[in-house]
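Enquirer: Input: one structure, supplied below.
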Amino acid sequence: MALRKLGVVKTIVEAVGMDIGHVWDDLVFLNHTGLILQFTDREDTMRIHRNHEGEQSVLERAINLLKETARLYAMTFADGEDFLLSQADDETLHLEFLGDRG
């Protein structure tokens, strides 16, 4: 298992004016963006997942900004999957990945 560079990821996210809302297992939820970052088996690579219901042009600009900034820190932010996030009746969150974009 690769080391997880959460400190570097936090620096990248904050450098583009975003915030980390929650970290769970290998997922990093960004506040108010419709994006989730995911650690991979490579310590220098993250996947960027986007909310399927989000404003796609806004998400695309945010993703491009994250990718450009990640390169400054010797990291790669690669395209991930679309996802849907919903709240169940018991107030738990349900996260469904819809497959790779393409």
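Chains: A, B, ... in order of the structure tokens. Residues: from 1 per chain. Ligands: from 1, in order shown.
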Excluding same-chain residues fewer than 4 positions from stretch 18-26 of chain A, what lies within 8 Å of it counting only C-alpha atoms, as a list in words?

Expert: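 In the requested format, the answer is Lys10, Val13, Glu14, Leu30, Asn31, Thr33, Gln38, Phe39 and Thr40 of chain A.
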
Enquirer: Keeping only C-alpha atoms, write those residues as a PDB file, in the first residue's frame.

Expert:
```pdb
ATOM      1  CA  LYS A  10      -4.588  19.537   1.512  1.00  0.00           C
ATOM      2  CA  VAL A  13      -6.779  21.891  -2.468  1.00  0.00           C
ATOM      3  CA  GLU A  14      -6.293  25.027  -0.379  1.00  0.00           C
ATOM      4  CA  LEU A  30     -14.182  18.574  -0.978  1.00  0.00           C
ATOM      5  CA  ASN A  31     -16.581  21.142   0.470  1.00  0.00           C
ATOM      6  CA  THR A  33     -17.517  21.550  -5.091  1.00  0.00           C
ATOM      7  CA  GLN A  38      -9.450   9.268  -4.147  1.00  0.00           C
ATOM      8  CA  PHE A  39      -6.026   7.962  -3.218  1.00  0.00           C
ATOM      9  CA  THR A  40      -4.663   5.268  -5.538  1.00  0.00           C
TER      10      THR A  40
END
```

Enquirer: With only C-alpha atoms as the counted atoms, please give the residues lying no more than 10 Å from A:Leu98, apart from itself and same-chain residues fewer than 2 positions off, as a compact mmCIF listing (two decimals) with C-alpha atoms, in the first residue's frame.

Expert:
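Generated output (result.txt):
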```txt
# COMPACT_ATOMS: atom_id res chain seq x y z
CA HIS A 49 -14.54 12.00 -9.19
CA ASN A 51 -20.93 14.67 -9.04
CA HIS A 52 -23.09 13.59 -11.97
CA GLU A 81 -15.82 8.49 -12.33
CA ASP A 82 -19.09 10.31 -12.09
CA PHE A 83 -20.91 9.71 -8.82
CA LEU A 84 -24.28 10.25 -7.20
CA LEU A 95 -22.38 7.10 -2.59
CA GLU A 96 -22.75 5.42 -5.98
CA ASP A 100 -15.38 6.04 -15.81
CA ARG A 101 -16.06 9.08 -17.95
```

Enquirer: Pick the closest to A:Gly7 from A:Gly54, A:Tyr73, A:His32, A:Ala88: which is it, counting only C-alpha atoms?

Expert: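 For A:Gly7, the nearest of the candidates is A:Tyr73.
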
Enquirer: Hey, which of A:Leu37, A:Ala62, A:Leu85, A:Met46 ends up closest to A:Phe97? Count only C-alpha atoms.

Expert: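 Ranked by minimum distance to A:Phe97, first place goes to A:Leu85.
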
Enquirer: Which one is closest to A:Arg50: A:Leu35, A:Leu6, A:Ala15, A:Ala74? Count only C-alpha atoms.

Expert: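 Using only C-alpha atoms, A:Arg50 sits closest to A:Leu35.
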
Enquirer: Could you give me, as an MDAnalysis selection string, the residues within 7 Å of A:Val16, counting only C-alpha atoms and dropping anything in the same chain fewer than 3 positions from it?

Expert: chainID A and resid 12:13 65:66

Enquirer: Write the selection just made, keeping C-alpha atoms, as a PDB file, in the first residue's frame?

Expert:
```
ATOM      1  CA  ILE A  12      -3.080  21.641  -3.301  1.00  0.00           C
ATOM      2  CA  VAL A  13      -6.779  21.891  -2.468  1.00  0.00           C
ATOM      3  CA  LEU A  65      -7.232  23.942 -11.786  1.00  0.00           C
ATOM      4  CA  LEU A  66      -6.589  21.053  -9.387  1.00  0.00           C
TER       5      LEU A  66
END
```

Enquirer: If you measure from atom CA of A:Gln87 to atom CA of A:Phe29, what distance in Å do you get, rounded to one decimal?

Expert: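 One can read the atom CA of A:Gln87 to atom CA of A:Phe29 distance as 15.2 Å.
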